[in-house]
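Structure record follows, encoded as structure tokens.
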Amino acid sequence: MTFKEIIDTPCGIRYCFDLLELQSGYARKYLLDSRMMTTAEEIVEAYASLDKFTSLLEREPSLIQNLQFRLQGLRNISNTLISLEEGSALDDIEFFEIKHLALLGDEVKQLFSKSEISNEWTTFDLDNIIRILDPDGLKIGTFYVYDSYSMEVRKLRRELENDPDNEDLRERLLNEEERIKRVLCNLLRPYATELTNLLHALAELDIVISKAIQRKKESFTIPTVGSSSSFEGMFHPEVKAILAQKGKVFQRISFSYQPGEPGIIIGANMGGKTVALKSLCLCQYLFQFGFAVPALKAEMVPAENIVFCFGDDQDQQKGLSSFAAEMLRIDRMISLVESGAKTLALVDEPARTTNPTEGSALVSSLLRILSNCPNLSLVLTTHYNVDSDARCWRVKGLVEDKEGSDRLIMDYSLTESSDNEVPHEALNIARKLGISSKWLEEATKILDTQ
Amino acid sequence: MPFIDEILKYHSVSIVGLEKNTGKTESLNYIINRLPTDYFAVAVTSIGLDGESLDQVTSTAKPEITMKEGMFFGTSEKHYRERKILSELYDVSDVTTALGRVVTAKALQEGKILLSGPSSGSALKRWMSSLNNFGIDLILVDGALSRLSTASPAISEAMVLSTGAAFSANIKDLVARTSFVVDLINLPFFTGKETETEISSFSDLGTDAIRNHTVIGVEGALTNRLLQAVKNELPKGEKELVVHDFTRIFVSPDLYRSFIRRGGRISVRMKSKLIAVCVNPVAPNGIVLDSDLLCSALSAAIGLPVYDIVKDRDKYDV
């Protein structure tokens with residue numbers, strides 16, 4: 001699973017990606033092509049590096065700025081490096097690109113020379129590469145077939161200057177230049193792998209710096225890698241930003257779940273159940289791609305598969321109704337779980353588009369068949385009364401305003417609850433929305449007669 | 001030397017032709033040849049493909065762009081690989097064209113080159129800003145076939161206009177059409193604080209927006225349809241149209257002149273300086289106009305000096 005494949009998951013991950021201050025288009029592509037990490041070791045290693053750069057950002061902001069400025073010059077020259085490795089003849093433009101990359105690597109190495117991160121960069125031996133492409137030792141990022149490469153080229157160029165229309169001279173000069181380029185290719189070929197590693201290291205540097213800046217700016221945290229998942233003060237960055245624009249504050253939530261023990265979130269409409277589920281999904285992707293996560297504190301478990309069943313999954317192109325699309329998606333998730341893969345499944349109001357009798361049966365049975373799977377972490381939201389011993393979380397819902405007015409306000413916090421009787425607040429919320437009182441009074445009458 | 005001193009006052013100058021074969025490339029070579037490149041860093045590029053040795057459309061001989069030693073140029077990867085002069089690569093930009101990325105290099109000897117620079121105005125702007133690191137004093141842009149957009153003040157500060165028999169074979173008509181373009185280039189700056197309303201050529205023109213306002217901003221292009229609608233309201237009161245710059249005006253000369261005659265005004269928010277007008281009295285179909293007559297008639301109409309660079313080359317060098 002690559003970042004590109006999950007970036008449009010409707011959980012707000014693209015928003016976090018767009019917030020990154022990446023300096024080069026290549027780093028952007030590199031991140032999009034990167035594979036999702038699924039083992040604790042990989043993630044721990046990635047977070048160690050992120051942590052190191054966060055503290056570097058605190059201590060030496062000017063160094064980071066300097067690095068970012070240099071990284072703007074990073075270009076994707078992977079095709080050139082492949083040509084070099086395969087032994088194709090390179091031309092001026094390709095030599096220029098290689099020289100540019102080597103000089104950029106060297107500058108970064110110099111910048112790091114006094115910091116603790118230096119050891120990762122001292123392993124790059126760039127002096128030989130630079131010497132090959134900078135025979136005069138000018139350390140300027142320009143290139144042409146320099147006079148100093150051969151006596152012959154120098155002689156021919158001078159002769160041609162005095163006799164510019166001499167085709168024979170021109171031909172000889174061209175041949176000599178071609179010969180020099182072949183020699184340069186042969187000299188550079190042994191460094192092809194080194195140069196590819198350098199290209200990747202520079203892209204990774206750009207990415208980790210932008211993640212560190214994001215962590216600081218957005219107040220994200222680095223989660224610990226453990227055996228269960230728990231969040232304190234989790235928030236959804238995109239929703240938080242939208243609320244902030246309207247002068248409102250996002251109410252952070254705390255939540256936990258673990259493999260083998262399904263969790264359900266119940267609560268009133270507009271109580272933030274879906275936002276909570278989206279935040280969980282977002283955090284999991286951020287975690288497995290080495291980003292800091294939007295919470296005050298978090299512990300998380302890596303999964304091999306992340307399944308997010310959300311909202312109106314209608315697929316008209318395939319001719320599926322929203323109910324059919326959802327059922328198929330959940331069915332795929334069940335087979336994944338049965339295959340034994342470590343899976344995190346986040347399901348938003350399953351079977352909500354069908355009638356409540358069958359709907360609640362479907363949800364209860366889903367919870368039942370998935371309750372004893374040690375390789376599955378499952379969180380679902382629902383409006384149905386479900387018959388299950390799953391761990392149940394409830395949105396606090398409408399409470400009286402603290403300031404003593406009799407206004408009702410929404411408390412979005414989640415509390416664990418022993419009974420899973422769903423709240424009956426739909427009418428109150430509709431009233432808050434200013435829905436036609438004629439309609440709501442009629443609804444109250446019907447409820448009273450039941 | 002005519003108008004070279006004037007060019008040195010600007011950071012970016014575009015050379016635009018009103019038609020193919022109006023001597024644009026001749027003008028560019030003329031300018032390059034006379035610039036003090038030994039102490040003045042000059043970069044040159046073209047918008048789109050230019051500098052082919054044979055004109056692609058009419059197959060007439062076309063002068064190539066001659067680089068002087070030390071000059072910077074921007075061209076496509078393809079034409080850089082095919083070049084015959086010795087040059088040092090300074091940058092491979094991320095601006096791409098159909099012929100590959102645009103590269104920036106410095107000529108290490110004098111020689112001719114095919115220029116195929118960025119193919120759109122915004123890409124050209126990006127390329128121009130990438131030159132900041134190289135200490136360039138002046139950027140010359142060779143505008144392609146009747147693309148006045150290069151001359152937009154958003155891109156270049158000043159311009160040299162070339163016109164000639166290829167644009168019109170009748171001196172009277174050539175003068176009229178060229179002076180219309182010059183009139184547009186020299187439209188006055190908008191001096192007011194802000195416009196009363198903004199309309200677009202694609203909006204519903206029957207509305208009161210035109211009737212009830214005097215100073216009207218034009219979003220995007222000013223077209224015949226819009227100008228006609230505003231003209232119809234002129235008898236009832238003054239009208240001033242505010243356009244971004246002259247490259248956004250696409251109206252017929254007759255309508256423009258009748259609008260102005262009836263007291264209508266058009267002003268611009270941005271303006272580029274017209275440095276000179278060059279003429280080429282020879283058209284590719286063999287028509288040759290009287291150069292002296294053409295220069296004096298055009299000069300009288302536009303109130304600016306007009307040069308026939310090919311004919312008078314020796315005269316100006318004395």
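Residue numbers start at 1 in each chain; chains themselves are named A, B, ... in the order of the structure tokens; ligands are numbered from 1 in the order shown.
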
Legend entry - Interface residues on chain B facing chain A, 10 Å, only C-alpha atoms, written as a ChimeraX atom specification: /B:77,80-81,84,86-94,103-106,108-111

(request) Based on DSSP run over this structure's backbone, return all residues of range 7-252 of chain B in helix (DSSP H, G or I), as an NGL selection string. (result) :B and (7 or 24-34 or 77-81 or 121-134 or 148-151 or 171-185 or 208-211 or 224-232 or 234-236 or 246-248)

- Between B:Phe246, B:Tyr307, B:Phe167, B:Tyr256, which is the closest to Leu294 in chain B once you count only C-alpha atoms?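 Distance minimum relative to Leu294 in chain B lands on B:Tyr307.
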
Q. So which residues touch Ala212 in chain A within 12 Å, counting only C-alpha atoms, skipping near sequence neighbours fewer than 2 positions away, as a PyMOL selection string?
A. chain A and resi 19-22+46-58+61+64+205-210+214-222+290-293

Handout entry: Nearby residues (only C-alpha atoms) at most 7 Å from Lys239 in chain B, same-chain spacing under 3 positions excluded, as a list in words
Key =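 Everything that qualifies: Thr214, Val215, Leu234, Gly264 and Arg265 of chain B.
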
Give the answer as one residue: which of A:His383, A:Arg391, A:Lys211, A:Lys278 has the shortest atom-to-atom distance to Pro259 in chain A, using only C-alpha atoms?
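Of A:His383, A:Arg391, A:Lys211, A:Lys278, the one nearest Pro259 in chain A is A:Arg391, counting only C-alpha atoms.
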
Give me, as a PDB file with N, CA, C and O atoms, in the first residue's frame, the residues of range 221-385 of chain A that a backbone DSSP run labels strand (DSSP E).
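Okay, states_5.pdb is ready:
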```pdb
ATOM      1  N   THR A 224       3.692   6.322  21.081  1.00  0.00           N
ATOM      2  CA  THR A 224       4.542   5.175  21.373  1.00  0.00           C
ATOM      3  C   THR A 224       3.941   3.969  20.650  1.00  0.00           C
ATOM      4  O   THR A 224       2.745   3.926  20.376  1.00  0.00           O
ATOM      5  N   VAL A 225       4.807   3.024  20.305  1.00  0.00           N
ATOM      6  CA  VAL A 225       4.328   1.829  19.619  1.00  0.00           C
ATOM      7  C   VAL A 225       4.104   0.759  20.677  1.00  0.00           C
ATOM      8  O   VAL A 225       5.026   0.399  21.404  1.00  0.00           O
ATOM      9  N   SER A 229      -4.286   0.502  21.463  1.00  0.00           N
ATOM     10  CA  SER A 229      -4.325   1.874  20.969  1.00  0.00           C
ATOM     11  C   SER A 229      -5.075   2.757  21.945  1.00  0.00           C
ATOM     12  O   SER A 229      -6.190   2.414  22.351  1.00  0.00           O
ATOM     13  N   SER A 230      -4.471   3.876  22.327  1.00  0.00           N
ATOM     14  CA  SER A 230      -5.210   4.811  23.160  1.00  0.00           C
ATOM     15  C   SER A 230      -4.770   6.230  22.830  1.00  0.00           C
ATOM     16  O   SER A 230      -3.628   6.473  22.464  1.00  0.00           O
ATOM     17  N   PHE A 231      -5.731   7.134  22.889  1.00  0.00           N
ATOM     18  CA  PHE A 231      -5.480   8.524  22.522  1.00  0.00           C
ATOM     19  C   PHE A 231      -5.977   9.431  23.631  1.00  0.00           C
ATOM     20  O   PHE A 231      -7.060   9.231  24.155  1.00  0.00           O
ATOM     21  N   GLU A 232      -5.162  10.422  23.951  1.00  0.00           N
ATOM     22  CA  GLU A 232      -5.637  11.481  24.847  1.00  0.00           C
ATOM     23  C   GLU A 232      -5.603  12.775  24.069  1.00  0.00           C
ATOM     24  O   GLU A 232      -4.620  13.074  23.392  1.00  0.00           O
ATOM     25  N   GLY A 233      -6.672  13.523  24.165  1.00  0.00           N
ATOM     26  CA  GLY A 233      -6.718  14.845  23.498  1.00  0.00           C
ATOM     27  C   GLY A 233      -6.550  14.748  22.002  1.00  0.00           C
ATOM     28  O   GLY A 233      -5.832  15.540  21.401  1.00  0.00           O
ATOM     29  N   MET A 234      -7.213  13.768  21.401  1.00  0.00           N
ATOM     30  CA  MET A 234      -7.122  13.627  19.940  1.00  0.00           C
ATOM     31  C   MET A 234      -7.981  14.692  19.266  1.00  0.00           C
ATOM     32  O   MET A 234      -9.030  15.080  19.774  1.00  0.00           O
ATOM     33  N   ILE A 253     -10.914  14.764  22.072  1.00  0.00           N
ATOM     34  CA  ILE A 253     -11.521  13.586  22.678  1.00  0.00           C
ATOM     35  C   ILE A 253     -10.452  12.566  23.057  1.00  0.00           C
ATOM     36  O   ILE A 253      -9.341  12.587  22.540  1.00  0.00           O
ATOM     37  N   SER A 254     -10.807  11.695  23.983  1.00  0.00           N
ATOM     38  CA  SER A 254      -9.917  10.598  24.363  1.00  0.00           C
ATOM     39  C   SER A 254     -10.628   9.300  24.042  1.00  0.00           C
ATOM     40  O   SER A 254     -11.855   9.202  24.156  1.00  0.00           O
ATOM     41  N   PHE A 255      -9.856   8.289  23.660  1.00  0.00           N
ATOM     42  CA  PHE A 255     -10.466   7.058  23.198  1.00  0.00           C
ATOM     43  C   PHE A 255      -9.425   5.952  23.245  1.00  0.00           C
ATOM     44  O   PHE A 255      -8.234   6.217  23.164  1.00  0.00           O
ATOM     45  N   SER A 256      -9.888   4.699  23.400  1.00  0.00           N
ATOM     46  CA  SER A 256      -8.938   3.589  23.300  1.00  0.00           C
ATOM     47  C   SER A 256      -9.624   2.342  22.774  1.00  0.00           C
ATOM     48  O   SER A 256     -10.835   2.179  22.897  1.00  0.00           O
ATOM     49  N   TYR A 257      -8.849   1.492  22.143  1.00  0.00           N
ATOM     50  CA  TYR A 257      -9.355   0.209  21.658  1.00  0.00           C
ATOM     51  C   TYR A 257      -8.185  -0.745  21.553  1.00  0.00           C
ATOM     52  O   TYR A 257      -7.029  -0.328  21.604  1.00  0.00           O
ATOM     53  N   GLY A 263     -15.024  -2.287  19.517  1.00  0.00           N
ATOM     54  CA  GLY A 263     -15.548  -1.139  20.247  1.00  0.00           C
ATOM     55  C   GLY A 263     -16.646  -0.481  19.421  1.00  0.00           C
ATOM     56  O   GLY A 263     -16.572  -0.457  18.198  1.00  0.00           O
ATOM     57  N   ILE A 264     -17.714  -0.012  20.097  1.00  0.00           N
ATOM     58  CA  ILE A 264     -18.732   0.717  19.350  1.00  0.00           C
ATOM     59  C   ILE A 264     -18.916   2.103  19.943  1.00  0.00           C
ATOM     60  O   ILE A 264     -18.718   2.327  21.141  1.00  0.00           O
ATOM     61  N   ILE A 265     -19.203   3.048  19.069  1.00  0.00           N
ATOM     62  CA  ILE A 265     -19.459   4.416  19.517  1.00  0.00           C
ATOM     63  C   ILE A 265     -20.920   4.708  19.225  1.00  0.00           C
ATOM     64  O   ILE A 265     -21.372   4.567  18.083  1.00  0.00           O
ATOM     65  N   ILE A 266     -21.667   5.063  20.268  1.00  0.00           N
ATOM     66  CA  ILE A 266     -23.065   5.428  20.061  1.00  0.00           C
ATOM     67  C   ILE A 266     -23.246   6.867  20.515  1.00  0.00           C
ATOM     68  O   ILE A 266     -22.396   7.413  21.224  1.00  0.00           O
ATOM     69  N   LYS A 297      -1.364  12.810  23.512  1.00  0.00           N
ATOM     70  CA  LYS A 297      -0.603  11.639  23.881  1.00  0.00           C
ATOM     71  C   LYS A 297      -1.247  10.448  23.186  1.00  0.00           C
ATOM     72  O   LYS A 297      -2.466  10.400  23.068  1.00  0.00           O
ATOM     73  N   ALA A 298      -0.420   9.513  22.717  1.00  0.00           N
ATOM     74  CA  ALA A 298      -1.016   8.375  22.028  1.00  0.00           C
ATOM     75  C   ALA A 298      -0.131   7.143  22.103  1.00  0.00           C
ATOM     76  O   ALA A 298       1.091   7.238  22.160  1.00  0.00           O
ATOM     77  N   GLU A 299      -0.790   5.980  22.142  1.00  0.00           N
ATOM     78  CA  GLU A 299      -0.102   4.709  21.980  1.00  0.00           C
ATOM     79  C   GLU A 299      -0.811   4.008  20.832  1.00  0.00           C
ATOM     80  O   GLU A 299      -2.037   4.034  20.755  1.00  0.00           O
ATOM     81  N   MET A 300      -0.043   3.391  19.944  1.00  0.00           N
ATOM     82  CA  MET A 300      -0.700   2.811  18.771  1.00  0.00           C
ATOM     83  C   MET A 300      -0.089   1.469  18.377  1.00  0.00           C
ATOM     84  O   MET A 300       1.034   1.161  18.747  1.00  0.00           O
ATOM     85  N   ASN A 305      -3.459  -4.086   7.415  1.00  0.00           N
ATOM     86  CA  ASN A 305      -4.512  -3.516   6.574  1.00  0.00           C
ATOM     87  C   ASN A 305      -5.320  -2.511   7.386  1.00  0.00           C
ATOM     88  O   ASN A 305      -5.623  -2.768   8.542  1.00  0.00           O
ATOM     89  N   ILE A 306      -5.639  -1.425   6.734  1.00  0.00           N
ATOM     90  CA  ILE A 306      -6.520  -0.447   7.377  1.00  0.00           C
ATOM     91  C   ILE A 306      -7.759  -0.344   6.500  1.00  0.00           C
ATOM     92  O   ILE A 306      -7.665  -0.026   5.311  1.00  0.00           O
ATOM     93  N   VAL A 307      -8.918  -0.679   7.069  1.00  0.00           N
ATOM     94  CA  VAL A 307     -10.154  -0.643   6.293  1.00  0.00           C
ATOM     95  C   VAL A 307     -11.050   0.440   6.887  1.00  0.00           C
ATOM     96  O   VAL A 307     -11.332   0.433   8.084  1.00  0.00           O
ATOM     97  N   PHE A 308     -11.450   1.377   6.038  1.00  0.00           N
ATOM     98  CA  PHE A 308     -12.279   2.479   6.512  1.00  0.00           C
ATOM     99  C   PHE A 308     -13.575   2.462   5.706  1.00  0.00           C
ATOM    100  O   PHE A 308     -13.563   2.757   4.513  1.00  0.00           O
ATOM    101  N   CYS A 309     -14.678   2.029   6.347  1.00  0.00           N
ATOM    102  CA  CYS A 309     -15.969   2.027   5.655  1.00  0.00           C
ATOM    103  C   CYS A 309     -16.728   3.258   6.105  1.00  0.00           C
ATOM    104  O   CYS A 309     -17.106   3.369   7.266  1.00  0.00           O
ATOM    105  N   THR A 343      -5.511  -6.448  11.097  1.00  0.00           N
ATOM    106  CA  THR A 343      -6.387  -5.486  10.425  1.00  0.00           C
ATOM    107  C   THR A 343      -6.979  -4.488  11.418  1.00  0.00           C
ATOM    108  O   THR A 343      -7.353  -4.860  12.534  1.00  0.00           O
ATOM    109  N   LEU A 344      -7.029  -3.231  10.989  1.00  0.00           N
ATOM    110  CA  LEU A 344      -7.795  -2.242  11.730  1.00  0.00           C
ATOM    111  C   LEU A 344      -9.004  -1.892  10.875  1.00  0.00           C
ATOM    112  O   LEU A 344      -8.854  -1.476   9.725  1.00  0.00           O
ATOM    113  N   ALA A 345     -10.215  -2.108  11.416  1.00  0.00           N
ATOM    114  CA  ALA A 345     -11.412  -1.788  10.645  1.00  0.00           C
ATOM    115  C   ALA A 345     -12.178  -0.688  11.369  1.00  0.00           C
ATOM    116  O   ALA A 345     -12.463  -0.791  12.556  1.00  0.00           O
ATOM    117  N   LEU A 346     -12.487   0.374  10.628  1.00  0.00           N
ATOM    118  CA  LEU A 346     -13.256   1.486  11.183  1.00  0.00           C
ATOM    119  C   LEU A 346     -14.497   1.618  10.323  1.00  0.00           C
ATOM    120  O   LEU A 346     -14.402   1.898   9.123  1.00  0.00           O
ATOM    121  N   VAL A 347     -15.662   1.358  10.922  1.00  0.00           N
ATOM    122  CA  VAL A 347     -16.886   1.279  10.130  1.00  0.00           C
ATOM    123  C   VAL A 347     -17.889   2.308  10.645  1.00  0.00           C
ATOM    124  O   VAL A 347     -18.258   2.304  11.822  1.00  0.00           O
ATOM    125  N   ASP A 348     -18.321   3.197   9.755  1.00  0.00           N
ATOM    126  CA  ASP A 348     -19.233   4.263  10.159  1.00  0.00           C
ATOM    127  C   ASP A 348     -20.673   3.862   9.861  1.00  0.00           C
ATOM    128  O   ASP A 348     -21.051   3.689   8.703  1.00  0.00           O
ATOM    129  N   LEU A 376      -7.844  -8.584  14.804  1.00  0.00           N
ATOM    130  CA  LEU A 376      -8.687  -7.489  14.338  1.00  0.00           C
ATOM    131  C   LEU A 376      -8.911  -6.441  15.427  1.00  0.00           C
ATOM    132  O   LEU A 376      -9.271  -6.765  16.559  1.00  0.00           O
ATOM    133  N   SER A 377      -8.679  -5.185  15.055  1.00  0.00           N
ATOM    134  CA  SER A 377      -9.134  -4.082  15.900  1.00  0.00           C
ATOM    135  C   SER A 377     -10.322  -3.478  15.178  1.00  0.00           C
ATOM    136  O   SER A 377     -10.198  -3.082  14.022  1.00  0.00           O
ATOM    137  N   LEU A 378     -11.463  -3.417  15.833  1.00  0.00           N
ATOM    138  CA  LEU A 378     -12.668  -2.930  15.165  1.00  0.00           C
ATOM    139  C   LEU A 378     -13.328  -1.825  15.983  1.00  0.00           C
ATOM    140  O   LEU A 378     -13.513  -1.957  17.190  1.00  0.00           O
ATOM    141  N   VAL A 379     -13.614  -0.728  15.311  1.00  0.00           N
ATOM    142  CA  VAL A 379     -14.418   0.315  15.951  1.00  0.00           C
ATOM    143  C   VAL A 379     -15.537   0.657  14.973  1.00  0.00           C
ATOM    144  O   VAL A 379     -15.276   0.911  13.802  1.00  0.00           O
ATOM    145  N   LEU A 380     -16.789   0.609  15.467  1.00  0.00           N
ATOM    146  CA  LEU A 380     -17.851   1.045  14.571  1.00  0.00           C
ATOM    147  C   LEU A 380     -18.792   1.996  15.294  1.00  0.00           C
ATOM    148  O   LEU A 380     -18.904   1.992  16.518  1.00  0.00           O
ATOM    149  N   THR A 381     -19.440   2.840  14.512  1.00  0.00           N
ATOM    150  CA  THR A 381     -20.431   3.753  15.087  1.00  0.00           C
ATOM    151  C   THR A 381     -21.797   3.264  14.659  1.00  0.00           C
ATOM    152  O   THR A 381     -21.944   2.649  13.608  1.00  0.00           O
ATOM    153  N   THR A 382     -22.800   3.502  15.493  1.00  0.00           N
ATOM    154  CA  THR A 382     -24.147   3.078  15.094  1.00  0.00           C
ATOM    155  C   THR A 382     -25.236   3.867  15.825  1.00  0.00           C
ATOM    156  O   THR A 382     -24.988   4.479  16.876  1.00  0.00           O
TER     157      THR A 382
END
```

CA of Met36 in chain A and CA of Glu338 in chain A, how far apart in Å?
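Pair CA of Glu338 in chain A / CA of Met36 in chain A returns 21.6 Å.
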
Could you tell me how far CA of Asp183 in chain B lies from CA of Ser267 in chain B, in Å and to one decimal?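 Going from CA of Asp183 in chain B over to CA of Ser267 in chain B, I get 11.3 Å.
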
At a cut-off of 10 Å, using only C-alpha atoms, what residues contact Ser258 in chain B? Leave out same-chain residues fewer than 5 positions from it and give the result as a PDB file with N, CA and C atoms, in the first residue's frame.
```pdb
ATOM      1  N   GLN B 228     -19.194  47.555 -27.525  1.00  0.00           N
ATOM      2  CA  GLN B 228     -20.395  48.055 -28.204  1.00  0.00           C
ATOM      3  C   GLN B 228     -21.486  48.367 -27.173  1.00  0.00           C
ATOM      4  N   LYS B 231     -20.603  51.487 -25.487  1.00  0.00           N
ATOM      5  CA  LYS B 231     -20.726  52.618 -26.419  1.00  0.00           C
ATOM      6  C   LYS B 231     -22.192  53.069 -26.535  1.00  0.00           C
ATOM      7  N   PRO B 253     -10.445  48.062 -34.758  1.00  0.00           N
ATOM      8  CA  PRO B 253      -9.996  49.461 -34.757  1.00  0.00           C
ATOM      9  C   PRO B 253     -11.164  50.423 -34.955  1.00  0.00           C
ATOM     10  N   GLY B 263     -16.257  60.195 -26.936  1.00  0.00           N
ATOM     11  CA  GLY B 263     -15.935  60.649 -25.579  1.00  0.00           C
ATOM     12  C   GLY B 263     -15.702  59.523 -24.586  1.00  0.00           C
ATOM     13  N   GLY B 264     -15.750  58.253 -25.037  1.00  0.00           N
ATOM     14  CA  GLY B 264     -15.467  57.148 -24.129  1.00  0.00           C
ATOM     15  C   GLY B 264     -13.983  57.093 -23.793  1.00  0.00           C
TER      16      GLY B 264
END
```

Item to complete: Would you mind listing what lies within 10 Å of Tyr30 in chain B as a PyMOL selection string, with only C-alpha atoms counted and same-chain residues fewer than 3 positions away left out?
Response: chain B and resi 4+24-27+33-35+65-66+309-310+313

Which neighbours of Asp411 in chain A fall inside 10 Å, counting only C-alpha atoms, when residues of the same chain fewer than 5 positions from it are skipped, and could you give them as a list in words?
Gln251, Gly271, Gly272, Val395, Lys396, Gly397, Leu398, Val399, Glu400 and Asp401 of chain A
